[in-house]
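Enquirer: Sharing model.pdb, PDB, C-alpha atoms, pLDDT in the B column:
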ATOM      1  CA  MET A   1     -34.123 -21.387  13.375  1.00 50.00           C
ATOM      2  CA  PHE A   2     -33.077 -18.788  10.838  1.00 67.00           C
ATOM      3  CA  ASN A   3     -35.412 -15.865  11.419  1.00 73.00           C
ATOM      4  CA  TYR A   4     -33.214 -12.861  10.574  1.00 74.00           C
ATOM      5  CA  THR A   5     -35.026 -10.122   8.657  1.00 77.00           C
ATOM      6  CA  PHE A   6     -32.901  -8.219   6.168  1.00 78.00           C
ATOM      7  CA  HIS A   7     -33.247  -4.443   5.914  1.00 77.00           C
ATOM      8  CA  TRP A   8     -31.227  -3.559   2.843  1.00 83.00           C
ATOM      9  CA  HIS A   9     -32.965  -0.191   2.445  1.00 83.00           C
ATOM     10  CA  GLN A  10     -31.061   1.145   5.483  1.00 83.00           C
ATOM     11  CA  ALA A  11     -27.732   0.154   3.975  1.00 82.00           C
ATOM     12  CA  LEU A  12     -28.627   1.568   0.572  1.00 87.00           C
ATOM     13  CA  ARG A  13     -29.711   4.878   2.106  1.00 89.00           C
ATOM     14  CA  ALA A  14     -26.289   5.123   3.746  1.00 88.00           C
ATOM     15  CA  LEU A  15     -24.466   4.309   0.498  1.00 90.00           C
ATOM     16  CA  PRO A  16     -23.397   7.956  -0.175  1.00 92.00           C
ATOM     17  CA  ASP A  17     -21.688   8.106   3.236  1.00 93.00           C
ATOM     18  CA  MET A  18     -19.954   4.796   2.526  1.00 94.00           C
ATOM     19  CA  LEU A  19     -18.784   6.063  -0.856  1.00 95.00           C
ATOM     20  CA  TRP A  20     -17.190   9.078   0.833  1.00 95.00           C
ATOM     21  CA  GLY A  21     -15.476   6.638   3.163  1.00 95.00           C
ATOM     22  CA  ALA A  22     -14.312   4.669   0.134  1.00 96.00           C
ATOM     23  CA  LEU A  23     -12.662   7.839  -1.211  1.00 96.00           C
ATOM     24  CA  VAL A  24     -10.696   8.173   2.036  1.00 96.00           C
ATOM     25  CA  THR A  25      -9.707   4.517   1.728  1.00 97.00           C
ATOM     26  CA  ILE A  26      -8.422   5.096  -1.815  1.00 96.00           C
ATOM     27  CA  GLU A  27      -6.638   8.270  -0.714  1.00 96.00           C
ATOM     28  CA  VAL A  28      -4.712   6.479   2.039  1.00 97.00           C
ATOM     29  CA  ALA A  29      -3.899   3.512  -0.208  1.00 97.00           C
ATOM     30  CA  VAL A  30      -2.604   5.675  -3.064  1.00 97.00           C
ATOM     31  CA  LEU A  31      -0.481   7.871  -0.792  1.00 97.00           C
ATOM     32  CA  SER A  32       0.932   4.818   0.970  1.00 97.00           C
ATOM     33  CA  MET A  33       1.921   3.344  -2.392  1.00 96.00           C
ATOM     34  CA  VAL A  34       3.550   6.552  -3.645  1.00 97.00           C
ATOM     35  CA  LEU A  35       5.555   6.942  -0.436  1.00 97.00           C
ATOM     36  CA  GLY A  36       6.183   3.204  -0.216  1.00 97.00           C
ATOM     37  CA  ILE A  37       7.632   3.086  -3.727  1.00 96.00           C
ATOM     38  CA  ALA A  38       9.928   6.034  -2.989  1.00 96.00           C
ATOM     39  CA  PHE A  39      11.241   4.409   0.190  1.00 97.00           C
ATOM     40  CA  ALA A  40      11.415   0.984  -1.445  1.00 96.00           C
ATOM     41  CA  VAL A  41      13.730   2.220  -4.201  1.00 95.00           C
ATOM     42  CA  LEU A  42      16.105   3.593  -1.574  1.00 95.00           C
ATOM     43  CA  LEU A  43      15.895   0.404   0.485  1.00 96.00           C
ATOM     44  CA  ALA A  44      16.540  -1.813  -2.547  1.00 95.00           C
ATOM     45  CA  VAL A  45      19.618   0.199  -3.502  1.00 93.00           C
ATOM     46  CA  ALA A  46      20.812   0.166   0.123  1.00 94.00           C
ATOM     47  CA  ARG A  47      20.387  -3.612   0.296  1.00 93.00           C
ATOM     48  CA  MET A  48      22.719  -3.935  -2.675  1.00 90.00           C
ATOM     49  CA  SER A  49      25.187  -1.404  -1.291  1.00 88.00           C
ATOM     50  CA  ALA A  50      28.625  -2.201   0.097  1.00 88.00           C
ATOM     51  CA  ASN A  51      28.010   0.336   2.865  1.00 91.00           C
ATOM     52  CA  ARG A  52      27.369  -1.696   6.015  1.00 93.00           C
ATOM     53  CA  LEU A  53      25.332   1.014   7.730  1.00 95.00           C
ATOM     54  CA  ALA A  54      23.003   1.453   4.764  1.00 94.00           C
ATOM     55  CA  TYR A  55      22.738  -2.314   4.298  1.00 94.00           C
ATOM     56  CA  GLY A  56      21.982  -2.888   7.976  1.00 95.00           C
ATOM     57  CA  ALA A  57      19.339  -0.161   8.188  1.00 95.00           C
ATOM     58  CA  ALA A  58      17.602  -1.359   5.021  1.00 95.00           C
ATOM     59  CA  THR A  59      17.713  -4.996   6.137  1.00 95.00           C
ATOM     60  CA  THR A  60      16.201  -4.124   9.515  1.00 96.00           C
ATOM     61  CA  TRP A  61      13.340  -2.188   7.918  1.00 96.00           C
ATOM     62  CA  ILE A  62      12.603  -4.966   5.441  1.00 96.00           C
ATOM     63  CA  GLU A  63      12.784  -7.770   8.010  1.00 96.00           C
ATOM     64  CA  VAL A  64      10.447  -5.982  10.428  1.00 96.00           C
ATOM     65  CA  ALA A  65       7.995  -4.985   7.692  1.00 96.00           C
ATOM     66  CA  ARG A  66       7.802  -8.451   6.171  1.00 95.00           C
ATOM     67  CA  ASN A  67       7.839 -10.548   9.332  1.00 96.00           C
ATOM     68  CA  THR A  68       5.512  -8.721  11.716  1.00 95.00           C
ATOM     69  CA  PRO A  69       1.747  -8.155  11.358  1.00 95.00           C
ATOM     70  CA  ALA A  70       0.613  -4.998   9.616  1.00 94.00           C
ATOM     71  CA  LEU A  71      -1.668  -4.397  12.605  1.00 94.00           C
ATOM     72  CA  PHE A  72       1.406  -4.313  14.870  1.00 95.00           C
ATOM     73  CA  GLN A  73       3.048  -1.730  12.610  1.00 96.00           C
ATOM     74  CA  ILE A  74      -0.027   0.524  12.665  1.00 96.00           C
ATOM     75  CA  TYR A  75      -0.304   0.148  16.457  1.00 95.00           C
ATOM     76  CA  MET A  76       3.340   1.137  16.865  1.00 95.00           C
ATOM     77  CA  ALA A  77       2.784   4.228  14.717  1.00 95.00           C
ATOM     78  CA  HIS A  78      -0.290   5.265  16.696  1.00 94.00           C
ATOM     79  CA  PHE A  79       0.413   4.087  20.244  1.00 93.00           C
ATOM     80  CA  GLY A  80       4.117   3.198  20.288  1.00 92.00           C
ATOM     81  CA  LEU A  81       5.436   6.527  19.044  1.00 91.00           C
ATOM     82  CA  GLY A  82       3.377   8.243  21.713  1.00 86.00           C
ATOM     83  CA  SER A  83       5.850   6.905  24.286  1.00 87.00           C
ATOM     84  CA  PHE A  84       8.464   9.147  22.673  1.00 89.00           C
ATOM     85  CA  GLY A  85       6.213  12.187  22.542  1.00 88.00           C
ATOM     86  CA  ILE A  86       5.235  11.687  18.894  1.00 91.00           C
ATOM     87  CA  HIS A  87       1.448  11.621  18.632  1.00 92.00           C
ATOM     88  CA  LEU A  88      -0.047  10.703  15.278  1.00 94.00           C
ATOM     89  CA  SER A  89      -3.736  10.933  14.471  1.00 94.00           C
ATOM     90  CA  PRO A  90      -5.446   7.693  13.374  1.00 95.00           C
ATOM     91  CA  TRP A  91      -5.248   8.818   9.720  1.00 96.00           C
ATOM     92  CA  TRP A  92      -1.511   9.541   9.866  1.00 96.00           C
ATOM     93  CA  ALA A  93      -0.813   6.398  11.886  1.00 96.00           C
ATOM     94  CA  LEU A  94      -2.620   4.291   9.300  1.00 96.00           C
ATOM     95  CA  LEU A  95      -0.732   5.972   6.470  1.00 97.00           C
ATOM     96  CA  ALA A  96       2.606   5.514   8.261  1.00 96.00           C
ATOM     97  CA  GLY A  97       1.938   1.850   9.041  1.00 96.00           C
ATOM     98  CA  ILE A  98       0.849   0.907   5.532  1.00 97.00           C
ATOM     99  CA  THR A  99       3.686   2.906   3.970  1.00 97.00           C
ATOM    100  CA  PHE A 100       6.186   1.099   6.191  1.00 97.00           C
ATOM    101  CA  ASN A 101       4.701  -2.249   5.183  1.00 97.00           C
ATOM    102  CA  ASN A 102       4.530  -1.418   1.475  1.00 97.00           C
ATOM    103  CA  ALA A 103       8.136  -0.227   1.427  1.00 97.00           C
ATOM    104  CA  GLY A 104       9.376  -3.439   3.027  1.00 96.00           C
ATOM    105  CA  TYR A 105       7.641  -5.706   0.526  1.00 96.00           C
ATOM    106  CA  LEU A 106       8.320  -3.582  -2.539  1.00 97.00           C
ATOM    107  CA  ALA A 107      12.002  -3.210  -1.643  1.00 96.00           C
ATOM    108  CA  GLU A 108      12.545  -6.942  -2.090  1.00 95.00           C
ATOM    109  CA  THR A 109      10.510  -6.884  -5.291  1.00 95.00           C
ATOM    110  CA  PHE A 110      12.666  -4.053  -6.654  1.00 95.00           C
ATOM    111  CA  ARG A 111      15.870  -5.751  -5.542  1.00 93.00           C
ATOM    112  CA  GLY A 112      14.912  -8.878  -7.470  1.00 93.00           C
ATOM    113  CA  ALA A 113      14.065  -6.753 -10.503  1.00 92.00           C
ATOM    114  CA  LEU A 114      17.408  -4.940 -10.311  1.00 91.00           C
ATOM    115  CA  ARG A 115      19.236  -8.261 -10.244  1.00 91.00           C
ATOM    116  CA  ALA A 116      17.317  -9.333 -13.350  1.00 90.00           C
ATOM    117  CA  ILE A 117      18.595  -6.351 -15.351  1.00 88.00           C
ATOM    118  CA  PRO A 118      21.893  -7.186 -17.117  1.00 87.00           C
ATOM    119  CA  PRO A 119      24.864  -5.069 -15.970  1.00 86.00           C
ATOM    120  CA  THR A 120      25.523  -4.346 -19.631  1.00 85.00           C
ATOM    121  CA  GLN A 121      22.573  -1.920 -19.532  1.00 84.00           C
ATOM    122  CA  THR A 122      24.398   0.296 -17.053  1.00 83.00           C
ATOM    123  CA  ARG A 123      27.702  -0.030 -18.896  1.00 84.00           C
ATOM    124  CA  ALA A 124      26.020   0.939 -22.164  1.00 86.00           C
ATOM    125  CA  ALA A 125      24.470   4.001 -20.513  1.00 84.00           C
ATOM    126  CA  ARG A 126      27.815   5.014 -19.029  1.00 82.00           C
ATOM    127  CA  SER A 127      29.474   4.612 -22.414  1.00 83.00           C
ATOM    128  CA  LEU A 128      27.048   7.217 -23.754  1.00 80.00           C
ATOM    129  CA  GLY A 129      28.336   9.707 -21.219  1.00 82.00           C
ATOM    130  CA  MET A 130      25.707   9.287 -18.501  1.00 84.00           C
ATOM    131  CA  GLY A 131      26.731   9.551 -14.878  1.00 84.00           C
ATOM    132  CA  PRO A 132      25.807   6.802 -12.363  1.00 82.00           C
ATOM    133  CA  LEU A 133      22.650   8.559 -11.142  1.00 84.00           C
ATOM    134  CA  ARG A 134      21.501   9.484 -14.641  1.00 87.00           C
ATOM    135  CA  ALA A 135      22.083   5.935 -15.863  1.00 86.00           C
ATOM    136  CA  PHE A 136      20.082   4.517 -12.947  1.00 85.00           C
ATOM    137  CA  TRP A 137      17.257   7.021 -13.355  1.00 87.00           C
ATOM    138  CA  SER A 138      16.925   6.895 -17.137  1.00 85.00           C
ATOM    139  CA  VAL A 139      17.922   3.332 -18.009  1.00 87.00           C
ATOM    140  CA  VAL A 140      17.765   1.000 -15.010  1.00 88.00           C
ATOM    141  CA  MET A 141      14.754   2.317 -13.109  1.00 88.00           C
ATOM    142  CA  PRO A 142      12.256   2.153 -16.018  1.00 87.00           C
ATOM    143  CA  GLN A 143      13.212  -1.491 -16.581  1.00 90.00           C
ATOM    144  CA  MET A 144      12.932  -2.183 -12.856  1.00 91.00           C
ATOM    145  CA  PHE A 145       9.389  -0.792 -12.759  1.00 90.00           C
ATOM    146  CA  ARG A 146       8.422  -2.754 -15.846  1.00 90.00           C
ATOM    147  CA  ILE A 147       9.582  -6.036 -14.295  1.00 91.00           C
ATOM    148  CA  SER A 148       7.980  -5.157 -10.944  1.00 92.00           C
ATOM    149  CA  PHE A 149       4.655  -3.926 -12.277  1.00 92.00           C
ATOM    150  CA  PRO A 150       2.540  -7.067 -11.585  1.00 91.00           C
ATOM    151  CA  PRO A 151       3.633  -7.427  -7.935  1.00 92.00           C
ATOM    152  CA  MET A 152       3.237  -3.649  -7.501  1.00 94.00           C
ATOM    153  CA  THR A 153      -0.378  -4.045  -8.606  1.00 95.00           C
ATOM    154  CA  ASN A 154      -0.906  -6.796  -6.036  1.00 95.00           C
ATOM    155  CA  GLN A 155       0.641  -4.601  -3.357  1.00 95.00           C
ATOM    156  CA  MET A 156      -1.751  -1.787  -4.251  1.00 96.00           C
ATOM    157  CA  VAL A 157      -4.709  -4.110  -3.738  1.00 96.00           C
ATOM    158  CA  TRP A 158      -3.197  -5.256  -0.458  1.00 95.00           C
ATOM    159  CA  ALA A 159      -2.785  -1.606   0.613  1.00 96.00           C
ATOM    160  CA  ILE A 160      -6.474  -0.953  -0.078  1.00 96.00           C
ATOM    161  CA  LEU A 161      -7.489  -3.922   2.059  1.00 95.00           C
ATOM    162  CA  MET A 162      -5.048  -2.950   4.829  1.00 96.00           C
ATOM    163  CA  THR A 163      -6.752   0.417   5.243  1.00 96.00           C
ATOM    164  CA  SER A 164      -9.559  -1.417   7.057  1.00 95.00           C
ATOM    165  CA  LEU A 165      -7.125  -1.806   9.972  1.00 95.00           C
ATOM    166  CA  GLY A 166      -7.567   1.903  10.641  1.00 94.00           C
ATOM    167  CA  LEU A 167     -10.685   0.864  12.518  1.00 92.00           C
ATOM    168  CA  THR A 168      -8.474  -0.562  15.279  1.00 92.00           C
ATOM    169  CA  VAL A 169      -6.879   2.828  16.022  1.00 93.00           C
ATOM    170  CA  GLY A 170     -10.113   4.806  15.898  1.00 91.00           C
ATOM    171  CA  LEU A 171     -10.223   6.019  12.304  1.00 93.00           C
ATOM    172  CA  ALA A 172     -13.861   6.713  11.532  1.00 92.00           C
ATOM    173  CA  THR A 173     -13.652   8.391   8.114  1.00 93.00           C
ATOM    174  CA  ASP A 174     -12.544   5.546   5.846  1.00 95.00           C
ATOM    175  CA  LEU A 175     -14.840   2.857   4.478  1.00 95.00           C
ATOM    176  CA  ALA A 176     -14.366   0.464   7.401  1.00 95.00           C
ATOM    177  CA  GLY A 177     -14.764   3.260   9.952  1.00 94.00           C
ATOM    178  CA  VAL A 178     -17.930   4.646   8.353  1.00 95.00           C
ATOM    179  CA  THR A 179     -19.365   1.133   8.137  1.00 94.00           C
ATOM    180  CA  GLN A 180     -18.702   0.503  11.808  1.00 93.00           C
ATOM    181  CA  GLU A 181     -20.313   3.832  12.794  1.00 93.00           C
ATOM    182  CA  LEU A 182     -23.412   2.947  10.802  1.00 91.00           C
ATOM    183  CA  ASN A 183     -23.464  -0.523  12.325  1.00 89.00           C
ATOM    184  CA  VAL A 184     -23.303   0.890  15.861  1.00 88.00           C
ATOM    185  CA  ARG A 185     -26.248   3.182  15.122  1.00 87.00           C
ATOM    186  CA  THR A 186     -28.480   0.623  13.407  1.00 84.00           C
ATOM    187  CA  PHE A 187     -27.236  -2.831  14.492  1.00 84.00           C
ATOM    188  CA  ARG A 188     -27.638  -4.016  10.886  1.00 82.00           C
ATOM    189  CA  THR A 189     -24.236  -5.688  10.870  1.00 83.00           C
ATOM    190  CA  PHE A 190     -24.728  -8.069   7.967  1.00 87.00           C
ATOM    191  CA  GLU A 191     -26.206  -5.508   5.585  1.00 88.00           C
ATOM    192  CA  PHE A 192     -23.620  -2.791   6.154  1.00 91.00           C
ATOM    193  CA  PHE A 193     -20.541  -5.003   6.174  1.00 93.00           C
ATOM    194  CA  ALA A 194     -21.784  -6.979   3.182  1.00 93.00           C
ATOM    195  CA  LEU A 195     -22.171  -3.715   1.264  1.00 93.00           C
ATOM    196  CA  ALA A 196     -18.714  -2.606   2.434  1.00 95.00           C
ATOM    197  CA  ALA A 197     -17.268  -5.909   1.243  1.00 95.00           C
ATOM    198  CA  VAL A 198     -18.812  -5.326  -2.183  1.00 95.00           C
ATOM    199  CA  LEU A 199     -17.253  -1.847  -2.319  1.00 96.00           C
ATOM    200  CA  TYR A 200     -13.820  -3.195  -1.343  1.00 97.00           C
ATOM    201  CA  TYR A 201     -14.198  -5.872  -4.021  1.00 97.00           C
ATOM    202  CA  LEU A 202     -15.151  -3.323  -6.685  1.00 97.00           C
ATOM    203  CA  ILE A 203     -12.242  -1.037  -5.757  1.00 96.00           C
ATOM    204  CA  ALA A 204      -9.787  -3.939  -5.931  1.00 96.00           C
ATOM    205  CA  LYS A 205     -11.179  -5.063  -9.286  1.00 96.00           C
ATOM    206  CA  ALA A 206     -10.970  -1.502 -10.611  1.00 96.00           C
ATOM    207  CA  VAL A 207      -7.303  -1.372  -9.606  1.00 95.00           C
ATOM    208  CA  MET A 208      -6.590  -4.652 -11.369  1.00 94.00           C
ATOM    209  CA  LEU A 209      -8.411  -3.529 -14.515  1.00 95.00           C
ATOM    210  CA  GLY A 210      -6.661  -0.167 -14.467  1.00 93.00           C
ATOM    211  CA  ALA A 211      -3.303  -1.885 -14.036  1.00 92.00           C
ATOM    212  CA  ARG A 212      -3.966  -4.110 -17.038  1.00 91.00           C
ATOM    213  CA  LEU A 213      -4.837  -1.099 -19.178  1.00 91.00           C
ATOM    214  CA  ILE A 214      -1.731   0.757 -18.025  1.00 88.00           C
ATOM    215  CA  ALA A 215       0.453  -2.293 -18.693  1.00 85.00           C
ATOM    216  CA  TRP A 216      -1.064  -2.701 -22.163  1.00 86.00           C
ATOM    217  CA  ARG A 217      -0.446   0.966 -22.909  1.00 83.00           C
ATOM    218  CA  LEU A 218       3.091   1.205 -21.537  1.00 80.00           C
ATOM    219  CA  PHE A 219       4.533  -2.251 -22.094  1.00 75.00           C
ATOM    220  CA  ARG A 220       3.236  -3.236 -25.506  1.00 68.00           C
ATOM    221  CA  TYR A 221       6.713  -3.324 -27.026  1.00 60.00           C
TER     222      TYR A 221
END
Take the structure from the file and write it as structure tokens.
Expert:
Amino acid sequence: MFNYTFHWHQALRALPDMLWGALVTIEVAVLSMVLGIAFAVLLAVARMSANRLAYGAATTWIEVARNTPALFQIYMAHFGLGSFGIHLSPWWALLAGITFNNAGYLAETFRGALRAIPPTQTRAARSLGMGPLRAFWSVVMPQMFRISFPPMTNQMVWAILMTSLGLTVGLATDLAGVTQELNVRTFRTFEFFALAAVLYYLIAKAVMLGARLIAWRLFRY
């Protein structure tokens, strides 16, 4: 028989602590996206390069990132690198794992966007006296980001949700970690994790709404 008694007041009293954890979650997600985008641009260019070494390295990164679990990638950053004398804290391991994953997915997104941009754009930029790097930076890259913006938004939401995997390597300061600590102390599993789920949902919805506003502002024309 269902005889569970809800104690929502305990969860609501702990809401400030959970909000601080949510800030850590957002911090990790944003940093992983910034770093992931930077690496993804390099990987996308390398994948389209005639240099075999660059192509091979980029392909390996992308294949591993896209075809292994994100949990495995975070474990390798935290536990695997320790075999080589590189010891990352749970926070850094989580950031490294999510960044690695983001870069792999975004690289293929960027590569598809680059292929969608007509070569005449680059030729037109070069005809105006721009060098190859300047043409890519000023003409090609803005168009690439515009084409890739919707999947980049989805990846940002995915990065936010992936931060919960920090719990598996002992991170106790993000939203999932704080929730688990509170659960261990009170044994009110349903209340705390339900509230955490609501916070994750609200963060994801805020990202989607913010992305729509940014897209409306930047890509109206």
Enquirer: Starting from the PyMOL selection byres ((chain A and resi 97-111) around 9), expand the selection into actual residues of this file and give them as a VMD selection string.
Expert: chain A and resid 28 to 29 31 to 45 47 to 48 58 61 to 66 70 to 78 92 to 96 112 to 116 144 to 145 147 to 148 151 to 152 155 to 156 158 to 159 162 to 163
Enquirer: With C-alpha atoms retained, could you export that selection as an mmCIF file, in the frame of the given file?
Expert:
data_model
loop_
_atom_site.group_PDB
_atom_site.id
_atom_site.type_symbol
_atom_site.label_atom_id
_atom_site.label_comp_id
_atom_site.auth_asym_id
_atom_site.auth_seq_id
_atom_site.Cartn_x
_atom_site.Cartn_y
_atom_site.Cartn_z
ATOM 1 C CA VAL A 28 -4.712 6.479 2.039
ATOM 2 C CA ALA A 29 -3.899 3.512 -0.208
ATOM 3 C CA LEU A 31 -0.481 7.871 -0.792
ATOM 4 C CA SER A 32 0.932 4.818 0.970
ATOM 5 C CA MET A 33 1.921 3.344 -2.392
ATOM 6 C CA VAL A 34 3.550 6.552 -3.645
ATOM 7 C CA LEU A 35 5.555 6.942 -0.436
ATOM 8 C CA GLY A 36 6.183 3.204 -0.216
ATOM 9 C CA ILE A 37 7.632 3.086 -3.727
ATOM 10 C CA ALA A 38 9.928 6.034 -2.989
ATOM 11 C CA PHE A 39 11.241 4.409 0.190
ATOM 12 C CA ALA A 40 11.415 0.984 -1.445
ATOM 13 C CA VAL A 41 13.730 2.220 -4.201
ATOM 14 C CA LEU A 42 16.105 3.593 -1.574
ATOM 15 C CA LEU A 43 15.895 0.404 0.485
ATOM 16 C CA ALA A 44 16.540 -1.813 -2.547
ATOM 17 C CA VAL A 45 19.618 0.199 -3.502
ATOM 18 C CA ARG A 47 20.387 -3.612 0.296
ATOM 19 C CA MET A 48 22.719 -3.935 -2.675
ATOM 20 C CA ALA A 58 17.602 -1.359 5.021
ATOM 21 C CA TRP A 61 13.340 -2.188 7.918
ATOM 22 C CA ILE A 62 12.603 -4.966 5.441
ATOM 23 C CA GLU A 63 12.784 -7.770 8.010
ATOM 24 C CA VAL A 64 10.447 -5.982 10.428
ATOM 25 C CA ALA A 65 7.995 -4.985 7.692
ATOM 26 C CA ARG A 66 7.802 -8.451 6.171
ATOM 27 C CA ALA A 70 0.613 -4.998 9.616
ATOM 28 C CA LEU A 71 -1.668 -4.397 12.605
ATOM 29 C CA PHE A 72 1.406 -4.313 14.870
ATOM 30 C CA GLN A 73 3.048 -1.730 12.610
ATOM 31 C CA ILE A 74 -0.027 0.524 12.665
ATOM 32 C CA TYR A 75 -0.304 0.148 16.457
ATOM 33 C CA MET A 76 3.340 1.137 16.865
ATOM 34 C CA ALA A 77 2.784 4.228 14.717
ATOM 35 C CA HIS A 78 -0.290 5.265 16.696
ATOM 36 C CA TRP A 92 -1.511 9.541 9.866
ATOM 37 C CA ALA A 93 -0.813 6.398 11.886
ATOM 38 C CA LEU A 94 -2.620 4.291 9.300
ATOM 39 C CA LEU A 95 -0.732 5.972 6.470
ATOM 40 C CA ALA A 96 2.606 5.514 8.261
ATOM 41 C CA GLY A 112 14.912 -8.878 -7.470
ATOM 42 C CA ALA A 113 14.065 -6.753 -10.503
ATOM 43 C CA LEU A 114 17.408 -4.940 -10.311
ATOM 44 C CA ARG A 115 19.236 -8.261 -10.244
ATOM 45 C CA ALA A 116 17.317 -9.333 -13.350
ATOM 46 C CA MET A 144 12.932 -2.183 -12.856
ATOM 47 C CA PHE A 145 9.389 -0.792 -12.759
ATOM 48 C CA ILE A 147 9.582 -6.036 -14.295
ATOM 49 C CA SER A 148 7.980 -5.157 -10.944
ATOM 50 C CA PRO A 151 3.633 -7.427 -7.935
ATOM 51 C CA MET A 152 3.237 -3.649 -7.501
ATOM 52 C CA GLN A 155 0.641 -4.601 -3.357
ATOM 53 C CA MET A 156 -1.751 -1.787 -4.251
ATOM 54 C CA TRP A 158 -3.197 -5.256 -0.458
ATOM 55 C CA ALA A 159 -2.785 -1.606 0.613
ATOM 56 C CA MET A 162 -5.048 -2.950 4.829
ATOM 57 C CA THR A 163 -6.752 0.417 5.243
#
Enquirer: Nearest to A:Pro142 among A:Asn51, A:Leu218, A:Thr179, A:Ser164, with distances taken over only C-alpha atoms: which residue is it?
Expert: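 Selected residue with least distance to A:Pro142: A:Leu218.
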Enquirer: Give me, as an NGL selection string, all polymer residues having an atom no more than 10 Å from A:Thr186, counting only C-alpha atoms and skipping those fewer than 5 positions away in the same chain.
Expert: :A and (10-11 or 180-181 or 192)
Enquirer: Using only C-alpha atoms, pick whichever of A:Ala124, A:Leu199, A:Leu182, A:Leu53 has the shortest atom-to-atom distance to A:Leu23.
Expert: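 Under the stated criterion, the closest residue is A:Leu199.
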Enquirer: Counting all atoms listed in the file, which residues of stretch 13-125 of chain A fall within 12 Å of stretch 203-212 of chain A, and what is the closest atom pair for each with its distance in Å at one decimal, ordered by chain and rising number, as a tab-separated table?
Expert:
residue	atom	partner	partner_atom	distance
A:Leu19	CA	A:Ile203	CA	10.8
A:Ala22	CA	A:Ile203	CA	8.5
A:Leu23	CA	A:Ile203	CA	10.0
A:Thr25	CA	A:Ile203	CA	9.7
A:Ile26	CA	A:Ile203	CA	8.2
A:Glu27	CA	A:Ile203	CA	12.0
A:Ala29	CA	A:Ile203	CA	11.0
A:Val30	CA	A:Val207	CA	10.7
Enquirer: Go through A:Ala14, A:Val24, A:Ala125, A:Ala57 and flag the residue nearest A:Gly177, using all atoms listed in the file for the distances.
Expert: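 Nearest candidate to A:Gly177 out of A:Ala14, A:Val24, A:Ala125, A:Ala57: A:Val24.
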Enquirer: Rounded to one decimal, what separation in Å do you get between atom CA of A:Gln121 and atom CA of A:Val140?
Expert: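 Straight-line distance from atom CA of A:Gln121 to atom CA of A:Val140 works out to 7.2 Å.
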Enquirer: Can you work out the spacing between atom CA of A:Thr60 and atom CA of A:Gly80 in Å, to one decimal?
Expert: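 Spanning atom CA of A:Thr60 to atom CA of A:Gly80 is a straight-line distance of 17.8 Å.
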Enquirer: Please compute the atom CA of A:Arg185-atom CA of A:Ile160 distance, one decimal, in Å.
Expert: 25.3 Å
